[in-house]
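work03.tsv follows; it contains TSV, C-alpha atoms and all ligand atoms.
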```
chain	number	residue	atom	x	y	z
U	1	MET	CA	0.00	0.00	0.00
U	2	LYS	CA	1.65	3.21	-1.21
U	3	ILE	CA	0.10	6.38	0.08
U	4	ILE	CA	0.75	10.09	-0.41
U	5	MET	CA	-0.56	12.56	2.18
U	6	LEU	CA	-1.50	15.92	0.68
U	7	GLY	CA	-2.71	18.99	2.52
U	8	ALA	CA	-1.51	22.27	3.97
U	9	PRO	CA	1.16	22.39	6.67
U	10	GLY	CA	-0.58	21.86	10.00
U	11	ALA	CA	-3.55	19.94	8.54
U	12	GLY	CA	-2.48	16.90	10.57
U	13	LYS	CA	-0.75	14.81	7.89
U	14	GLY	CA	1.94	13.61	10.29
U	15	THR	CA	-0.57	12.58	12.96
U	16	TYR	CA	-2.69	10.61	10.48
U	17	ALA	CA	0.41	9.05	8.90
U	18	LYS	CA	1.51	7.79	12.32
U	19	GLN	CA	-1.85	6.06	12.87
U	20	ILE	CA	-1.74	4.44	9.43
U	21	THR	CA	1.78	3.20	10.22
U	22	GLN	CA	0.56	1.58	13.42
U	23	LYS	CA	-2.40	-0.14	11.73
U	24	TYR	CA	-0.69	-1.37	8.55
U	25	GLY	CA	2.96	-1.67	9.62
U	26	ILE	CA	4.29	0.44	6.77
U	27	PRO	CA	6.78	3.28	7.37
U	28	ALA	CA	5.78	6.94	7.31
U	29	ILE	CA	8.43	8.95	5.54
U	30	SER	CA	8.41	12.65	6.35
U	31	THR	CA	10.80	14.81	4.35
U	32	GLY	CA	10.38	17.56	6.96
U	33	ASP	CA	11.59	15.10	9.66
U	34	ILE	CA	14.51	14.04	7.47
U	35	PHE	CA	15.57	17.68	7.08
U	36	ARG	CA	15.15	18.40	10.80
U	37	GLU	CA	17.27	15.34	11.68
U	38	ASN	CA	19.94	16.57	9.27
U	39	ILE	CA	19.87	20.06	10.79
U	40	LYS	CA	20.24	18.58	14.27
U	41	ALA	CA	23.15	16.40	13.12
U	42	GLY	CA	24.80	19.38	11.38
U	43	THR	CA	25.10	17.63	7.99
U	44	GLU	CA	25.72	19.46	4.69
U	45	LEU	CA	22.12	18.74	3.67
U	46	GLY	CA	20.87	20.18	6.96
U	47	LYS	CA	22.94	23.34	6.51
U	48	LYS	CA	21.57	23.82	3.00
U	49	ALA	CA	17.94	23.16	4.03
U	50	LYS	CA	17.80	25.29	7.20
U	51	GLY	CA	17.68	28.74	5.58
U	52	TYR	CA	14.79	27.77	3.32
U	53	MET	CA	12.87	26.13	6.15
U	54	ASP	CA	13.29	28.98	8.63
U	55	ALA	CA	11.97	31.41	6.00
U	56	GLY	CA	8.91	29.23	5.36
U	57	ASN	CA	10.07	28.40	1.82
U	58	LEU	CA	10.45	25.02	0.17
U	59	VAL	CA	13.84	23.35	-0.04
U	60	PRO	CA	14.82	23.16	-3.76
U	61	ASP	CA	13.57	20.10	-5.66
U	62	GLU	CA	17.10	18.88	-6.46
U	63	LEU	CA	17.83	18.45	-2.73
U	64	VAL	CA	14.63	16.48	-2.15
U	65	CYS	CA	13.86	14.12	-5.05
U	66	ASP	CA	16.90	11.81	-5.02
U	67	LEU	CA	16.76	11.64	-1.26
U	68	VAL	CA	13.19	10.29	-1.31
U	69	VAL	CA	13.70	7.95	-4.28
U	70	ASP	CA	16.73	6.42	-2.47
U	71	ARG	CA	14.77	6.09	0.77
U	72	LEU	CA	12.00	4.18	-1.02
U	73	LYS	CA	14.52	1.56	-2.15
U	74	GLN	CA	15.16	0.48	1.44
U	75	ASP	CA	13.84	-2.89	2.61
U	76	ASP	CA	11.22	-1.52	5.00
U	77	CYS	CA	9.39	0.04	2.01
U	78	LYS	CA	8.78	-3.26	0.23
U	79	LYS	CA	5.24	-3.65	1.62
U	80	GLY	CA	4.45	0.02	1.06
U	81	TYR	CA	4.86	3.43	2.69
U	82	ILE	CA	3.19	6.71	3.49
U	83	LEU	CA	4.79	9.84	2.13
U	84	ASP	CA	4.17	12.80	4.43
U	85	GLY	CA	5.28	16.13	2.97
U	86	PHE	CA	6.48	14.77	-0.36
U	87	PRO	CA	5.82	15.57	-3.16
U	88	ARG	CA	5.30	19.28	-2.63
U	89	THR	CA	5.72	20.57	-6.17
U	90	ILE	CA	4.66	19.33	-9.61
U	91	PRO	CA	8.30	18.55	-10.60
U	92	GLN	CA	8.65	16.44	-7.41
U	93	ALA	CA	5.42	14.56	-8.24
U	94	GLU	CA	6.63	13.96	-11.80
U	95	ALA	CA	10.02	12.74	-10.54
U	96	LEU	CA	8.25	10.31	-8.19
U	97	THR	CA	5.85	9.03	-10.87
U	98	GLU	CA	8.78	8.47	-13.25
U	99	ALA	CA	11.00	6.77	-10.66
U	100	LEU	CA	8.18	4.38	-9.71
U	101	LYS	CA	7.21	3.73	-13.34
U	102	LYS	CA	10.77	2.52	-14.00
U	103	GLN	CA	10.09	-0.24	-11.45
U	104	ASP	CA	6.62	-0.96	-12.85
U	105	ASP	CA	5.22	0.54	-9.71
U	106	GLY	CA	2.94	3.41	-8.69
U	107	ILE	CA	1.12	5.17	-5.89
U	108	ASP	CA	-2.18	3.57	-4.74
U	109	PHE	CA	-3.80	6.47	-2.86
U	110	ALA	CA	-3.35	10.23	-2.58
U	111	LEU	CA	-5.17	11.44	0.55
U	112	GLU	CA	-5.83	15.16	0.72
U	113	ILE	CA	-6.51	16.39	4.26
U	114	ASN	CA	-8.66	19.41	3.50
U	115	MET	CA	-8.80	22.28	6.00
U	116	ALA	CA	-9.53	26.02	5.83
U	117	ASP	CA	-6.54	28.34	6.32
U	118	GLU	CA	-8.11	29.98	9.40
U	119	ALA	CA	-8.46	26.60	11.14
U	120	ILE	CA	-4.85	25.77	10.24
U	121	ILE	CA	-3.53	29.04	11.66
U	122	GLU	CA	-5.42	28.39	14.89
U	123	ARG	CA	-4.17	24.80	15.10
U	124	MET	CA	-0.54	25.70	14.36
U	125	ALA	CA	-0.50	28.24	17.19
U	126	GLY	CA	-1.04	25.34	19.61
U	127	ARG	CA	1.26	22.81	17.95
U	128	ARG	CA	4.35	21.79	19.90
U	129	VAL	CA	7.21	19.45	19.14
U	130	CYS	CA	9.67	17.51	21.30
U	131	LYS	CA	13.23	18.83	20.97
U	132	GLY	CA	14.55	15.35	21.68
U	133	CYS	CA	12.59	12.87	19.52
U	134	GLY	CA	10.42	15.09	17.31
U	135	ALA	CA	7.08	13.74	18.65
U	136	THR	CA	4.27	16.25	18.04
U	137	TYR	CA	1.65	17.53	20.46
U	138	HIS	CA	-1.06	20.16	20.61
U	139	ILE	CA	-1.63	22.15	23.76
U	140	VAL	CA	-5.42	21.55	23.54
U	141	ASN	CA	-6.05	18.55	21.25
U	142	ILE	CA	-3.09	16.26	22.04
U	143	PRO	CA	-1.49	17.52	25.25
U	144	PRO	CA	1.43	15.63	26.82
U	145	LYS	CA	0.69	13.93	30.16
U	146	LYS	CA	3.01	16.38	31.92
U	147	GLU	CA	3.05	19.97	30.64
U	148	GLY	CA	6.13	20.79	28.56
U	149	ILE	CA	7.57	17.26	28.80
U	150	CYS	CA	7.50	14.62	26.06
U	151	ASP	CA	5.56	11.42	26.94
U	152	GLU	CA	7.85	9.34	24.76
U	153	CYS	CA	11.38	10.46	25.69
U	154	GLY	CA	11.07	13.02	28.51
U	155	GLY	CA	12.48	15.74	26.24
U	156	GLU	CA	11.47	19.40	26.29
U	157	ILE	CA	8.39	20.34	24.23
U	158	VAL	CA	8.70	23.60	22.28
U	159	LEU	CA	7.15	25.62	19.44
U	160	ARG	CA	8.80	24.60	16.17
U	161	ASP	CA	10.90	27.45	14.66
U	162	ASP	CA	8.81	27.48	11.48
U	163	ASP	CA	5.49	27.38	13.40
U	164	ALA	CA	5.88	31.03	14.44
U	165	PRO	CA	2.73	32.87	13.19
U	166	GLU	CA	4.50	34.97	10.46
U	167	THR	CA	6.23	31.87	9.11
U	168	VAL	CA	2.97	29.90	9.12
U	169	LYS	CA	1.36	32.58	6.90
U	170	LYS	CA	4.29	32.34	4.49
U	171	ARG	CA	4.12	28.52	4.47
U	172	LEU	CA	0.41	28.65	3.64
U	173	GLU	CA	1.11	31.04	0.74
U	174	VAL	CA	3.79	28.67	-0.53
U	175	TYR	CA	1.37	25.76	-0.12
U	176	HIS	CA	-1.35	27.39	-2.24
U	177	GLU	CA	1.11	28.44	-4.92
U	178	GLN	CA	3.34	25.38	-5.25
U	179	THR	CA	1.73	22.37	-3.54
U	180	ALA	CA	-2.05	22.74	-4.02
U	181	PRO	CA	-1.71	22.07	-7.81
U	182	LEU	CA	-0.83	18.49	-6.83
U	183	ILE	CA	-4.48	17.94	-5.89
U	184	GLU	CA	-5.44	18.26	-9.55
U	185	TYR	CA	-2.38	16.25	-10.62
U	186	TYR	CA	-3.45	13.22	-8.52
U	187	ASP	CA	-7.13	13.72	-9.34
U	188	LYS	CA	-6.29	13.38	-13.03
U	189	LEU	CA	-4.45	10.15	-12.25
U	190	GLY	CA	-7.63	8.89	-10.52
U	191	LEU	CA	-5.85	8.57	-7.16
U	192	LEU	CA	-7.27	11.50	-5.18
U	193	ASN	CA	-9.38	11.04	-2.05
U	194	VAL	CA	-10.44	14.13	-0.12
U	195	ILE	CA	-10.71	13.84	3.67
U	196	ASP	CA	-12.51	16.56	5.64
U	197	GLY	CA	-9.82	17.53	8.17
U	198	SER	CA	-12.21	19.62	10.26
U	199	LYS	CA	-13.94	16.48	11.62
U	200	GLY	CA	-11.32	15.67	14.23
U	201	LEU	CA	-8.86	12.81	14.60
U	202	GLU	CA	-11.20	9.85	15.11
U	203	ALA	CA	-13.72	10.70	12.40
U	204	CYS	CA	-10.91	11.51	9.95
U	205	MET	CA	-9.19	8.21	10.67
U	206	ALA	CA	-12.47	6.34	10.06
U	207	ASP	CA	-12.79	8.10	6.67
U	208	ILE	CA	-9.15	7.31	5.84
U	209	TYR	CA	-9.52	3.61	6.72
U	210	ALA	CA	-12.72	3.42	4.62
U	211	VAL	CA	-10.73	4.72	1.64
U	212	LEU	CA	-7.74	2.42	2.23
U	213	GLU	CA	-9.96	-0.65	2.62
U	214	SER	CA	-11.92	0.18	-0.56
U	215	LYS	CA	-9.34	-1.20	-3.01
S	301	LIG	P1	7.01	19.72	7.20
S	301	LIG	O1	7.53	19.16	8.46
S	301	LIG	O2	6.53	18.68	6.23
S	301	LIG	O3	5.98	20.81	7.40
S	301	LIG	O4	8.26	20.42	6.46
S	301	LIG	C1	8.95	21.48	7.08
S	301	LIG	C2	9.74	22.24	6.02
S	301	LIG	O5	10.69	21.35	5.39
S	301	LIG	C3	8.93	22.80	4.87
S	301	LIG	O6	8.33	24.06	5.18
S	301	LIG	C4	9.99	22.93	3.78
S	301	LIG	O7	10.84	24.04	4.01
S	301	LIG	C5	10.83	21.68	4.01
S	301	LIG	N1	10.31	20.53	3.22
S	301	LIG	C6	9.77	19.38	3.68
S	301	LIG	N2	9.42	18.58	2.69
S	301	LIG	C7	9.73	19.22	1.54
S	301	LIG	C8	9.59	18.92	0.17
S	301	LIG	N3	9.04	17.77	-0.25
S	301	LIG	N4	10.05	19.84	-0.73
S	301	LIG	C9	10.59	20.99	-0.34
S	301	LIG	N5	10.73	21.35	0.93
S	301	LIG	C10	10.31	20.49	1.88
```
Take the structure in the file and give it back as C-alpha cells.
Ligand code: AMP
Amino acid sequence: MKIIMLGAPGAGKGTYAKQITQKYGIPAISTGDIFRENIKAGTELGKKAKGYMDAGNLVPDELVCDLVVDRLKQDDCKKGYILDGFPRTIPQAEALTEALKKQDDGIDFALEINMADEAIIERMAGRRVCKGCGATYHIVNIPPKKEGICDECGGEIVLRDDDAPETVKKRLEVYHEQTAPLIEYYDKLGLLNVIDGSKGLEACMADIYAVLESK
C-alpha cells in the first residue's frame, strides 16, 4: 500500500500518517523530519535546508527528489509506505511518478486532508514538538501527560521554529502556490481522495480507513 498525504502544513498529515503506520505496519516517511534530523546532526544537507525552512520556503527540488527515491529503495518500504510532505511541487510529483514507473510501480492512494486556512492558523498556534525525539503535540487537542515534557522520551516540548505565526502565513502562501496544484495532478491520475480535516482525529481516521480498505 503506497500512500501520499496531501494537505496544507498543520492539517495533521503527520498525525494521520503515524496512525496508518501503526495499523498497517508500513513506514511513514516525512521529508520535513529528514531535514530536521539533518539540521540537528549538522550535515551538509541540513545546513543547505535550514535557511529555506526557517523562512517558510520550500527546499529546492534537487535536494529532495533523489533523497526520497533512495529512501523508497530500502527494505522496509517493500510492503508500502506513506509519504508525508512529499511531493510538494509538480516537478517532485513527476520525478516520483517516473521513478516508480521505471520499477513498474505506482502510488495507490493520494489522501488530501482538506482544511480552511483559518483553522490551520489556529491549530498551528497550539502545535508543539519535542526537541529530543520530534514527537508532536497540541496544547489543547493532544497535550502531553506532563506539561512541557515529552511522553515518549522526557524531552522538552517547544514551538517549532517554522510554526511562528508569520512563518505559518508564508508557508500557507507557498502551499497554495506550489503544492495545491498536486491535488489536480493526482485527481487526473484517478488517485485523489479528499478527507474533511475539520472532523477531528477519530472521524478523519475512520474516513481514511474506509478509503484504504476500498481497493
Ligand atoms: P514539514 O515538516 O513537512 O511541514 O516540512 C517542514 C519544512 O521542510 C517545509 O516548510 C519545507 O521548508 C521543508 N520541506 C519538507 N518537505 C519538503 C519537500 N518535499 N520539498 C521541499 N521542501 C520540503
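Using all atoms listed in the file for every distance, the candidate list U:Gly7, U:Gly12, U:Gly32, U:Gly46 yields U:Gly12 as the residue closest to Ile142 in chain U.
Distances from U:Asn57, U:Thr31, U:Asn114, U:Thr167 to Leu192 in chain U were compared using all atoms listed in the file, and the smallest one belongs to U:Asn114.
When only C-alpha atoms and all ligand atoms are used to measure the gap to ligand LIG 301 (chain S), the shortest distance among U:Cys153, U:Ile107, U:Val174, U:Met115 belongs to U:Val174.
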- Selection as a PyMOL selection string: residues within 10 Å of ligand LIG 301 (chain S) by all atoms listed in the file: chain U and resi 7-14+29-36+49-65+67-68+83-89+92-93+160-163+167-168+170-172+174-175+178-179
If I wrap all listed atoms of range 114-129 of chain U in a box with edges along x, y and z and add 8 Å on each side, what are its centre and edge lengths in Å to one decimal, as AutoDock Vina command-line options?
```
--center_x -1.2 --center_y 24.7 --center_z 11.7 --size_x 32.7 --size_y 26.6 --size_z 32.4
```
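The smallest atom-to-atom distance between Glu122 in chain U and any of U:Pro144, U:Phe109, U:Lys169, U:Asp75, using all atoms listed in the file, is found for U:Lys169.
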- Message: Counting all atoms listed in the file, find residues at most 12 Å from (5.5, 11.0, -10.1) (file frame) and give them as JSON, numbers by chain.
- Response: {"U": [4, 65, 68, 69, 86, 87, 88, 89, 90, 91, 92, 93, 94, 95, 96, 97, 98, 99, 100, 101, 102, 105, 106, 107, 108, 110, 182, 185, 186, 189, 191]}
Generate the output file for the selected residues, C-alpha atoms, as a compact mmCIF listing (two decimals), in the coordinates of the input.
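Result written to selection18.txt:
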```txt
# COMPACT_ATOMS: atom_id res chain seq x y z
CA ILE U 4 0.75 10.09 -0.41
CA CYS U 65 13.86 14.12 -5.05
CA VAL U 68 13.19 10.29 -1.31
CA VAL U 69 13.70 7.95 -4.28
CA PHE U 86 6.48 14.77 -0.36
CA PRO U 87 5.82 15.57 -3.16
CA ARG U 88 5.30 19.28 -2.63
CA THR U 89 5.72 20.57 -6.17
CA ILE U 90 4.66 19.33 -9.61
CA PRO U 91 8.30 18.55 -10.60
CA GLN U 92 8.65 16.44 -7.41
CA ALA U 93 5.42 14.56 -8.24
CA GLU U 94 6.63 13.96 -11.80
CA ALA U 95 10.02 12.74 -10.54
CA LEU U 96 8.25 10.31 -8.19
CA THR U 97 5.85 9.03 -10.87
CA GLU U 98 8.78 8.47 -13.25
CA ALA U 99 11.00 6.77 -10.66
CA LEU U 100 8.18 4.38 -9.71
CA LYS U 101 7.21 3.73 -13.34
CA LYS U 102 10.77 2.52 -14.00
CA ASP U 105 5.22 0.54 -9.71
CA GLY U 106 2.94 3.41 -8.69
CA ILE U 107 1.12 5.17 -5.89
CA ASP U 108 -2.18 3.57 -4.74
CA ALA U 110 -3.35 10.23 -2.58
CA LEU U 182 -0.83 18.49 -6.83
CA TYR U 185 -2.38 16.25 -10.62
CA TYR U 186 -3.45 13.22 -8.52
CA LEU U 189 -4.45 10.15 -12.25
CA LEU U 191 -5.85 8.57 -7.16
```
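Using all atoms listed in the file, the shortest contact distance between Cys77 in chain U and any of U:Leu45, U:Ile113, U:Ile3, U:Met205 is found at U:Ile3.
Candidate residues U:Tyr24, U:Tyr81, U:Tyr137, U:Tyr209 were compared for distance to Ala125 in chain U, and the nearest is U:Tyr137, using only C-alpha atoms.
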- Item | Distance in Å - CA of Asp70 in chain U versus CA of Glu173 in chain U |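 Spanning CA of Asp70 in chain U to CA of Glu173 in chain U is a straight-line distance of 29.3 Å.
Rounded to one decimal, CA of Asp117 in chain U and CA of His176 in chain U lie 10.1 Å from each other.
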- Item | Exercise: Asp187 in chain U partners within 12 Å, all atoms listed in the file, chain neighbours under 6 positions left out, as a PyMOL selection string | chain U and resi 6+109-112+180-181+193-194
- Would you work out the distance separating CA of Val158 in chain U from CA of Asn38 in chain U, expressed in Å to one decimal?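 Spanning CA of Val158 in chain U to CA of Asn38 in chain U is a straight-line distance of 18.6 Å.
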